[in-house]
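What follows is the content of structure01.pdb (PDB, C-alpha atoms).
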ATOM      1  CA  MET C   1      63.134 119.145  17.278
ATOM      2  CA  SER C   2      61.182 120.461  14.296
ATOM      3  CA  VAL C   3      58.941 118.000  12.441
ATOM      4  CA  ASP C   4      57.600 118.662   8.931
ATOM      5  CA  LEU C   5      53.942 119.619   9.308
ATOM      6  CA  GLN C   6      52.798 117.590   6.325
ATOM      7  CA  SER C   7      54.604 114.481   7.600
ATOM      8  CA  ALA C   8      52.953 114.939  10.985
ATOM      9  CA  LYS C   9      49.529 115.173   9.340
ATOM     10  CA  SER C  10      50.153 111.993   7.350
ATOM     11  CA  LEU C  11      51.240 110.081  10.448
ATOM     12  CA  VAL C  12      48.182 111.101  12.466
ATOM     13  CA  GLN C  13      45.849 110.301   9.567
ATOM     14  CA  ALA C  14      47.428 106.855   9.219
ATOM     15  CA  TYR C  15      47.033 106.230  12.957
ATOM     16  CA  SER C  16      43.397 107.297  13.011
ATOM     17  CA  THR C  17      42.589 105.135   9.978
ATOM     18  CA  ALA C  18      44.281 102.051  11.441
ATOM     19  CA  ARG C  19      42.666 102.529  14.851
ATOM     20  CA  ASP C  20      39.232 103.100  13.321
ATOM     21  CA  LYS C  21      39.455  99.902  11.260
ATOM     22  CA  GLY C  22      40.690  97.685  14.087
ATOM     23  CA  ALA C  23      38.257  95.429  15.890
ATOM     24  CA  PRO C  24      37.915  95.966  19.647
ATOM     25  CA  GLY C  25      40.719  94.365  21.616
ATOM     26  CA  ALA C  26      43.876  93.081  19.944
ATOM     27  CA  GLU C  27      43.499  94.871  16.598
ATOM     28  CA  THR C  28      42.865  98.231  18.203
ATOM     29  CA  ALA C  29      45.779  97.699  20.588
ATOM     30  CA  ALA C  30      48.029  96.792  17.641
ATOM     31  CA  ALA C  31      47.113  99.999  15.809
ATOM     32  CA  CYS C  32      47.919 102.038  18.908
ATOM     33  CA  ALA C  33      51.229 100.223  19.356
ATOM     34  CA  GLU C  34      52.202 100.806  15.704
ATOM     35  CA  TYR C  35      51.773 104.568  15.681
ATOM     36  CA  LEU C  36      52.120 105.661  19.304
ATOM     37  CA  SER C  37      55.412 105.875  21.153
ATOM     38  CA  PRO C  38      55.853 103.221  23.885
ATOM     39  CA  GLU C  39      56.041 106.177  26.306
ATOM     40  CA  HIS C  40      52.903 107.781  24.871
ATOM     41  CA  THR C  41      50.900 109.884  27.322
ATOM     42  CA  TYR C  42      47.194 110.631  26.981
ATOM     43  CA  ARG C  43      45.194 113.303  28.745
ATOM     44  CA  GLY C  44      41.450 112.993  28.407
ATOM     45  CA  MET C  45      38.227 114.094  29.985
ATOM     46  CA  ARG C  46      36.706 112.508  33.050
ATOM     47  CA  PRO C  47      36.621 109.555  33.653
ATOM     48  CA  PHE C  48      39.735 108.838  31.556
ATOM     49  CA  TYR C  49      42.166 111.523  32.766
ATOM     50  CA  GLU C  50      45.841 110.509  32.383
ATOM     51  CA  VAL C  51      46.597 107.226  30.596
ATOM     52  CA  GLU C  52      50.144 105.946  30.071
ATOM     53  CA  GLY C  53      51.173 103.722  27.142
ATOM     54  CA  PRO C  54      49.484 102.561  23.911
ATOM     55  CA  GLU C  55      48.072  99.284  25.247
ATOM     56  CA  THR C  56      46.492 100.909  28.276
ATOM     57  CA  LEU C  57      44.975 103.592  26.045
ATOM     58  CA  ALA C  58      43.429 100.960  23.784
ATOM     59  CA  ASP C  59      42.037  99.052  26.777
ATOM     60  CA  THR C  60      40.787 102.140  28.633
ATOM     61  CA  VAL C  61      39.360 104.378  25.916
ATOM     62  CA  TRP C  62      39.007 102.799  22.484
ATOM     63  CA  THR C  63      38.029  99.163  23.046
ATOM     64  CA  PRO C  64      35.218 100.030  25.519
ATOM     65  CA  LEU C  65      33.894 102.660  23.104
ATOM     66  CA  LYS C  66      33.968 100.207  20.189
ATOM     67  CA  ASN C  67      32.301  97.484  22.263
ATOM     68  CA  ALA C  68      29.455  99.869  23.083
ATOM     69  CA  MET C  69      29.024 101.240  19.582
ATOM     70  CA  SER C  70      28.343  98.576  16.951
ATOM     71  CA  ALA C  71      29.338 101.040  14.218
ATOM     72  CA  ILE C  72      31.435 104.214  14.437
ATOM     73  CA  GLN C  73      32.156 106.839  11.785
ATOM     74  CA  ARG C  74      34.796 109.500  12.425
ATOM     75  CA  ARG C  75      33.715 112.727  10.716
ATOM     76  CA  PRO C  76      36.362 115.453  11.028
ATOM     77  CA  ASP C  77      35.461 119.050  10.224
ATOM     78  CA  ILE C  78      38.789 120.701  11.102
ATOM     79  CA  PHE C  79      42.271 119.277  10.592
ATOM     80  CA  PHE C  80      45.583 121.132  10.679
ATOM     81  CA  ALA C  81      49.122 121.025  12.041
ATOM     82  CA  SER C  82      51.278 123.582  13.801
ATOM     83  CA  ASN C  83      54.341 124.072  15.890
ATOM     84  CA  ALA C  84      53.500 125.266  19.392
ATOM     85  CA  ASP C  85      53.555 129.094  19.395
ATOM     86  CA  LEU C  86      54.616 128.768  15.719
ATOM     87  CA  ASP C  87      58.129 128.013  16.995
ATOM     88  CA  PRO C  88      59.741 124.966  15.294
ATOM     89  CA  GLY C  89      61.677 124.148  18.456
ATOM     90  CA  THR C  90      58.670 123.745  20.735
ATOM     91  CA  GLY C  91      56.937 120.636  19.387
ATOM     92  CA  THR C  92      54.760 119.743  16.409
ATOM     93  CA  TRP C  93      51.063 119.113  16.939
ATOM     94  CA  VAL C  94      48.195 117.930  14.747
ATOM     95  CA  VAL C  95      44.677 119.154  15.571
ATOM     96  CA  GLU C  96      41.497 117.355  14.570
ATOM     97  CA  MET C  97      37.933 118.248  15.509
ATOM     98  CA  GLY C  98      34.582 116.828  14.520
ATOM     99  CA  ASN C  99      32.086 114.178  15.570
ATOM    100  CA  PHE C 100      31.985 110.428  15.885
ATOM    101  CA  LEU C 101      28.662 109.045  14.694
ATOM    102  CA  CYS C 102      27.967 105.934  16.758
ATOM    103  CA  ASP C 103      25.350 103.176  16.752
ATOM    104  CA  PHE C 104      24.837 103.022  20.523
ATOM    105  CA  THR C 105      23.865  99.384  21.221
ATOM    106  CA  LYS C 106      25.607  98.553  24.532
ATOM    107  CA  ASP C 107      26.065 100.585  27.703
ATOM    108  CA  TRP C 108      29.107 102.875  27.819
ATOM    109  CA  LEU C 109      30.614 104.428  30.964
ATOM    110  CA  GLY C 110      27.400 103.592  32.781
ATOM    111  CA  ILE C 111      25.287 105.405  30.171
ATOM    112  CA  PRO C 112      22.400 103.165  29.060
ATOM    113  CA  ALA C 113      22.411 102.175  25.393
ATOM    114  CA  ILE C 114      19.428 103.381  23.360
ATOM    115  CA  GLY C 115      19.875 101.370  20.160
ATOM    116  CA  LYS C 116      20.041 104.545  18.090
ATOM    117  CA  THR C 117      22.671 106.655  16.382
ATOM    118  CA  VAL C 118      24.282 109.266  18.611
ATOM    119  CA  TYR C 119      26.979 111.846  17.998
ATOM    120  CA  LEU C 120      30.109 112.217  20.114
ATOM    121  CA  PRO C 121      31.951 115.507  19.557
ATOM    122  CA  PHE C 122      35.738 115.347  19.793
ATOM    123  CA  ALA C 123      38.783 117.585  19.700
ATOM    124  CA  THR C 124      42.163 115.866  19.545
ATOM    125  CA  MET C 125      45.687 117.315  19.662
ATOM    126  CA  SER C 126      48.522 114.903  18.865
ATOM    127  CA  ARG C 127      52.210 115.730  19.361
ATOM    128  CA  VAL C 128      54.514 114.048  16.852
ATOM    129  CA  ARG C 129      58.209 113.318  17.336
ATOM    130  CA  ASP C 130      60.639 110.832  15.761
ATOM    131  CA  GLY C 131      57.978 109.225  13.564
ATOM    132  CA  ALA C 132      55.473 108.527  16.341
ATOM    133  CA  VAL C 133      52.706 110.194  18.313
ATOM    134  CA  VAL C 134      54.228 110.831  21.737
ATOM    135  CA  GLU C 135      51.406 112.745  23.428
ATOM    136  CA  THR C 136      47.666 113.188  22.950
ATOM    137  CA  VAL C 137      45.251 115.634  24.533
ATOM    138  CA  GLU C 138      41.698 114.616  23.693
ATOM    139  CA  PHE C 139      38.361 116.083  24.691
ATOM    140  CA  LEU C 140      35.410 113.743  24.099
ATOM    141  CA  ASP C 141      32.096 115.429  24.908
ATOM    142  CA  ILE C 142      30.686 112.447  26.764
ATOM    143  CA  LEU C 143      27.806 114.530  28.078
ATOM    144  CA  ALA C 144      26.533 114.943  24.523
ATOM    145  CA  VAL C 145      25.913 111.190  24.436
ATOM    146  CA  LEU C 146      24.302 111.263  27.870
ATOM    147  CA  THR C 147      21.781 113.930  26.865
ATOM    148  CA  GLN C 148      20.856 112.005  23.703
ATOM    149  CA  THR C 149      19.690 109.044  25.800
ATOM    150  CA  GLY C 150      16.726 111.068  27.040
ATOM    151  CA  TRP C 151      18.181 111.957  30.424
ATOM    152  CA  ASN C 152      19.270 115.568  30.251
ATOM    153  CA  PRO C 153      20.695 116.890  33.523
ATOM    154  CA  PHE C 154      20.985 120.334  31.921
ATOM    155  CA  ALA C 155      17.379 120.689  30.766
ATOM    156  CA  GLN C 156      16.708 123.584  33.140
ATOM    157  CA  HIS C 157      20.201 125.034  33.168
ATOM    158  CA  GLN C 158      21.640 125.184  29.637
ATOM    159  CA  THR C 159      21.842 128.816  28.540
ATOM    160  CA  GLY C 160      22.635 128.147  24.865
ATOM    161  CA  SER C 161      21.121 125.721  22.375
ATOM    162  CA  MET C 162      21.825 121.987  22.358
ATOM    163  CA  MET C 163      22.863 120.848  18.888
ATOM    164  CA  MET C 164      25.368 118.847  16.905
ATOM    165  CA  SER C 165      27.860 121.591  16.098
ATOM    166  CA  PRO C 166      28.512 121.986  12.375
ATOM    167  CA  GLY C 167      31.934 122.446  10.843
ATOM    168  CA  PRO C 168      33.155 125.782   9.477
ATOM    169  CA  MET C 169      30.627 127.818   7.525
ATOM    170  CA  THR C 170      33.282 128.095   4.788
ATOM    171  CA  HIS C 171      33.612 124.284   4.506
ATOM    172  CA  ASP C 172      37.394 124.606   4.348
ATOM    173  CA  GLY C 173      38.546 123.257   7.687
ATOM    174  CA  LEU C 174      40.435 120.184   6.464
ATOM    175  CA  LEU C 175      43.890 121.632   5.782
ATOM    176  CA  ASN C 176      45.489 118.652   4.085
ATOM    177  CA  ASP C 177      47.713 120.934   2.004
ATOM    178  CA  PRO C 178      50.332 123.420   3.263
ATOM    179  CA  GLN C 179      49.046 126.874   4.199
ATOM    180  CA  SER C 180      50.733 130.239   3.718
ATOM    181  CA  SER C 181      52.758 131.488   6.658
ATOM    182  CA  ASP C 182      51.148 134.913   6.256
ATOM    183  CA  LEU C 183      47.642 133.544   6.856
ATOM    184  CA  THR C 184      48.886 131.455   9.773
ATOM    185  CA  GLU C 185      50.618 134.370  11.482
ATOM    186  CA  LYS C 186      47.568 136.629  11.082
ATOM    187  CA  THR C 187      45.351 133.988  12.683
ATOM    188  CA  TYR C 188      47.763 133.332  15.512
ATOM    189  CA  ASP C 189      48.324 137.026  16.229
ATOM    190  CA  LEU C 190      44.610 137.883  16.261
ATOM    191  CA  THR C 191      43.679 134.938  18.493
ATOM    192  CA  HIS C 192      46.621 135.608  20.807
ATOM    193  CA  ALA C 193      45.616 139.276  21.120
ATOM    194  CA  MET C 194      41.970 138.418  21.834
ATOM    195  CA  LEU C 195      42.849 135.909  24.543
ATOM    196  CA  THR C 196      45.416 138.216  26.109
ATOM    197  CA  ASP C 197      42.795 140.953  26.312
ATOM    198  CA  LEU C 198      40.195 138.522  27.655
ATOM    199  CA  ALA C 199      42.545 137.286  30.380
ATOM    200  CA  LEU C 200      42.880 140.750  31.890
ATOM    201  CA  SER C 201      39.632 140.131  33.789
ATOM    202  CA  TYR C 202      38.024 137.113  32.112
ATOM    203  CA  THR C 203      34.887 139.015  31.316
ATOM    204  CA  SER C 204      33.589 139.793  27.825
ATOM    205  CA  PRO C 205      32.376 143.401  27.716
ATOM    206  CA  GLY C 206      30.795 144.629  24.528
ATOM    207  CA  ASP C 207      33.830 146.611  23.378
ATOM    208  CA  HIS C 208      36.035 143.513  23.638
ATOM    209  CA  LEU C 209      33.606 141.491  21.543
ATOM    210  CA  VAL C 210      33.221 144.178  18.879
ATOM    211  CA  ARG C 211      37.007 144.593  18.549
ATOM    212  CA  PHE C 212      37.762 140.913  18.062
ATOM    213  CA  TRP C 213      34.624 139.167  16.791
ATOM    214  CA  SER C 214      32.423 139.342  13.694
ATOM    215  CA  ALA C 215      28.940 140.682  14.370
ATOM    216  CA  ASP C 216      27.456 137.373  13.184
ATOM    217  CA  MET C 217      29.937 135.215  15.096
ATOM    218  CA  THR C 218      28.990 131.653  16.028
ATOM    219  CA  TRP C 219      30.042 130.095  19.329
ATOM    220  CA  PHE C 220      29.594 126.354  19.726
ATOM    221  CA  GLY C 221      29.870 125.585  23.421
ATOM    222  CA  PRO C 222      30.092 122.206  25.137
ATOM    223  CA  THR C 223      27.074 120.209  26.242
ATOM    224  CA  GLY C 224      25.686 121.950  29.302
ATOM    225  CA  ILE C 225      26.296 125.442  27.926
ATOM    226  CA  GLY C 226      25.307 125.129  24.267
ATOM    227  CA  ALA C 227      25.590 127.138  21.060
ATOM    228  CA  SER C 228      24.943 130.824  20.393
ATOM    229  CA  LEU C 229      24.706 132.982  17.265
ATOM    230  CA  SER C 230      25.771 136.664  16.992
ATOM    231  CA  ILE C 231      27.346 138.875  19.633
ATOM    232  CA  PRO C 232      24.047 139.596  21.443
ATOM    233  CA  GLY C 233      23.136 135.919  21.261
ATOM    234  CA  TYR C 234      26.527 134.949  22.672
ATOM    235  CA  GLN C 235      26.045 137.359  25.564
ATOM    236  CA  ARG C 236      22.591 135.935  26.329
ATOM    237  CA  GLY C 237      23.601 132.335  25.730
ATOM    238  CA  HIS C 238      26.863 132.269  27.615
ATOM    239  CA  THR C 239      28.845 135.243  28.873
ATOM    240  CA  LEU C 240      26.262 137.090  30.951
ATOM    241  CA  PRO C 241      24.907 134.051  32.878
ATOM    242  CA  PHE C 242      28.419 132.635  33.233
ATOM    243  CA  GLU C 243      29.869 135.849  34.629
ATOM    244  CA  ALA C 244      26.850 136.350  36.922
ATOM    245  CA  LYS C 245      27.246 132.937  38.573
ATOM    246  CA  GLN C 246      31.022 132.390  38.674
ATOM    247  CA  ASP C 247      33.693 134.147  40.683
ATOM    248  CA  VAL C 248      37.122 133.870  39.082
ATOM    249  CA  VAL C 249      39.634 132.552  41.612
ATOM    250  CA  LYS C 250      42.545 132.238  39.175
ATOM    251  CA  ILE C 251      43.200 132.776  35.465
ATOM    252  CA  HIS C 252      45.771 130.286  34.164
ATOM    253  CA  ASP C 253      48.152 130.670  31.233
ATOM    254  CA  TRP C 254      47.418 128.563  28.180
ATOM    255  CA  GLU C 255      49.557 125.483  27.759
ATOM    256  CA  LEU C 256      49.317 125.107  24.000
ATOM    257  CA  ALA C 257      48.838 127.659  21.203
ATOM    258  CA  LEU C 258      48.572 126.423  17.597
ATOM    259  CA  ALA C 259      47.560 127.874  14.235
ATOM    260  CA  GLU C 260      47.599 127.053  10.538
ATOM    261  CA  GLY C 261      45.897 128.998   7.772
ATOM    262  CA  ASN C 262      42.697 130.571   9.082
ATOM    263  CA  PHE C 263      42.365 128.194  12.052
ATOM    264  CA  ALA C 264      43.811 128.212  15.558
ATOM    265  CA  ALA C 265      43.587 126.053  18.680
ATOM    266  CA  PHE C 266      44.471 126.914  22.264
ATOM    267  CA  MET C 267      44.462 124.501  25.210
ATOM    268  CA  TRP C 268      44.460 125.120  28.968
ATOM    269  CA  TRP C 269      44.796 122.447  31.673
ATOM    270  CA  PRO C 270      43.186 124.210  33.529
ATOM    271  CA  CYS C 271      42.001 127.487  32.030
ATOM    272  CA  LEU C 272      40.169 128.905  35.022
ATOM    273  CA  THR C 273      39.691 128.130  38.675
ATOM    274  CA  LEU C 274      36.179 129.236  39.585
ATOM    275  CA  ARG C 275      33.821 129.428  42.539
ATOM    276  CA  ASN C 276      30.144 128.753  41.789
ATOM    277  CA  THR C 277      28.030 131.456  43.408
ATOM    278  CA  GLY C 278      24.703 130.874  41.717
ATOM    279  CA  ASP C 279      23.618 127.308  40.875
ATOM    280  CA  TYR C 280      25.552 126.983  37.622
ATOM    281  CA  LEU C 281      25.140 123.907  35.346
ATOM    282  CA  GLY C 282      22.921 122.361  38.013
ATOM    283  CA  ALA C 283      25.550 122.462  40.768
ATOM    284  CA  PRO C 284      24.360 124.491  43.761
ATOM    285  CA  ALA C 285      26.384 127.486  44.922
ATOM    286  CA  ASN C 286      29.352 126.317  46.976
ATOM    287  CA  ASP C 287      32.817 127.254  48.243
ATOM    288  CA  VAL C 288      34.803 124.820  46.081
ATOM    289  CA  ALA C 289      37.519 126.244  43.832
ATOM    290  CA  ALA C 290      36.827 124.096  40.735
ATOM    291  CA  GLU C 291      38.906 123.756  37.563
ATOM    292  CA  MET C 292      37.728 124.274  34.005
ATOM    293  CA  ARG C 293      39.918 122.425  31.501
ATOM    294  CA  VAL C 294      39.380 123.865  28.040
ATOM    295  CA  VAL C 295      40.181 123.516  24.342
ATOM    296  CA  ASP C 296      39.178 126.372  22.010
ATOM    297  CA  ILE C 297      39.277 126.134  18.215
ATOM    298  CA  TYR C 298      38.838 129.297  16.140
ATOM    299  CA  ARG C 299      38.285 130.385  12.548
ATOM    300  CA  ARG C 300      39.487 133.821  11.458
ATOM    301  CA  ASP C 301      37.701 135.800   8.738
ATOM    302  CA  GLY C 302      39.686 138.872   7.758
ATOM    303  CA  ASP C 303      40.535 140.937  10.814
ATOM    304  CA  LYS C 304      37.925 139.310  13.064
ATOM    305  CA  LEU C 305      37.266 135.913  14.586
ATOM    306  CA  ALA C 306      34.144 134.375  13.065
ATOM    307  CA  GLU C 307      33.636 130.953  14.667
ATOM    308  CA  ASN C 308      34.639 129.262  17.909
ATOM    309  CA  TRP C 309      34.232 125.634  18.978
ATOM    310  CA  ILE C 310      34.894 125.108  22.673
ATOM    311  CA  PHE C 311      35.337 121.878  24.603
ATOM    312  CA  ILE C 312      35.254 121.894  28.415
ATOM    313  CA  ASP C 313      35.574 118.952  30.786
ATOM    314  CA  ILE C 314      32.203 119.695  32.384
ATOM    315  CA  LEU C 315      32.160 116.267  34.062
ATOM    316  CA  HIS C 316      35.378 117.118  35.905
ATOM    317  CA  PHE C 317      34.226 120.655  36.747
ATOM    318  CA  LEU C 318      30.993 119.369  38.291
ATOM    319  CA  ALA C 319      32.604 116.379  40.025
ATOM    320  CA  GLU C 320      34.913 118.743  41.891
ATOM    321  CA  GLN C 321      31.735 120.365  43.221
ATOM    322  CA  GLY C 322      30.287 117.020  44.325
ATOM    323  CA  VAL C 323      28.041 116.396  41.287
ATOM    324  CA  ASP C 324      28.948 113.093  39.582
ATOM    325  CA  LEU C 325      26.706 112.850  36.521
ATOM    326  CA  LEU C 326      28.056 109.471  35.401
ATOM    327  CA  ALA C 327      27.089 108.000  38.765
ATOM    328  CA  ASN C 328      23.493 109.180  38.330
ATOM    329  CA  THR C 329      22.645 108.101  34.795
ATOM    330  CA  GLY C 330      19.749 105.990  35.956
ATOM    331  CA  GLU C 331      17.933 108.889  37.557
ATOM    332  CA  THR C 332      14.951 110.569  35.952
ATOM    333  CA  GLU C 333      13.769 114.117  36.280
TER
END

Output the file's structure in the form of structure tokens.
Amino acid sequence: MSVDLQSAKSLVQAYSTARDKGAPGAETAAACAEYLSPEHTYRGMRPFYEVEGPETLADTVWTPLKNAMSAIQRRPDIFFASNADLDPGTGTWVVEMGNFLCDFTKDWLGIPAIGKTVYLPFATMSRVRDGAVVETVEFLDILAVLTQTGWNPFAQHQTGSMMMSPGPMTHDGLLNDPQSSDLTEKTYDLTHAMLTDLALSYTSPGDHLVRFWSADMTWFGPTGIGASLSIPGYQRGHTLPFEAKQDVVKIHDWELALAEGNFAAFMWWPCLTLRNTGDYLGAPANDVAAEMRVVDIYRRDGDKLAENWIFIDILHFLAEQGVDLLANTGETE
């Protein structure tokens, strides 16, 4: 059933505000219960994975985070709503991406507190139906917090630059107002065409990049891979080392395709099944067929894609290969 995009945005904003204000425990659980369907399902990154119901979500994800962080600020950089595949009959989703700024004063998920401000990147997709959020897919870059504690398991392996990813260079990512259908369709069509072309082999040859991307593109990868600037920088910082050390076992279809205005988001669960052939992200070469679960958020500029923020469940990808980073947070290099 079609849901008005502006109504969906308002509902998700009200939920986020109420949840942010609630104290850990009962108040946070009450905010979840007010805005989430009783049958709400949550898919998150390791170690959260699938969580059923508002109360369990509050107890599993939000209350532990709030207990660990004595102050939290949610700072969104991108916010928009879309029907899946731009089809009103396929479900209405709200996308939000940005960073939580957190005062890290108590241990979280086994990560030692450092008594300093840290940033926690997030990308959240919320499906709205019948006046409630019925499903959430959320990628929290937990490894960003881990590396800010001074223990960086990727120090010798990250091919891009570690940084707090900025929002859009155009500073126009918060789409609180309705956007023209023409802009939306252009963004969706360009992103769809790029990903369809990419999926033919899941490599990024130069002609593919030149056809679809601005010369001064920016690519903000997850912790462990890092950020890159320009097409040559992107090739050095991600595609060439990635393609040299990973054999593609299977390319999966995307599960969710969304766009509004100049922004788009695509989600795969998983995107790729890969075999590590060359000590990638600190995991030694092995025979495991490991999953990469991915969210990509894009900004279009004219007839090219200009910016890309990508979230990958690196913890899950490495754990499938026998590397459990959250179990080793006390180690030093």

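All protein and nucleic acid residues in the vicinity of (60.7, 123.3, 18.1), that is within 12 Å when counting all atoms listed in the file, are Met1, Ser2, Val3, Asp4, Leu5, Ser82, Asn83, Ala84, Asp85, Leu86, Asp87, Pro88, Gly89, Thr90, Gly91, Thr92, Trp93, Arg127, Val128 and Arg129 of chain C.
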
Hey, what comes out of the PyMOL selection byres ((chain C and resi 115) around 8) on this file? Could you write it as an NGL selection string? :C and (103-106 or 113-114 or 116-117)

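Between atom CA of C:Met164 and atom CA of C:Ile310 the interatomic distance comes to 12.8 Å.
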
Any chance you could work out the residue set of the PyMOL selection byres ((chain C and resi 44) around 12) here, as a VMD selection string? chain C and resid 41 to 43 45 to 52 57 60 to 61 122 to 125 135 to 142 269 293 to 295 311 to 313 315 to 316

What does the PyMOL selection byres ((chain C and resi 185) around 12) select in this file, as a VMD selection string? chain C and resid 82 to 83 85 to 87 179 to 184 186 to 193 257 to 264 300

Measure the distance from atom CA of C:Met217 to atom CA of C:Ala306 in Å and round it to one decimal.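 Here the two named atoms are 4.7 Å from each other.
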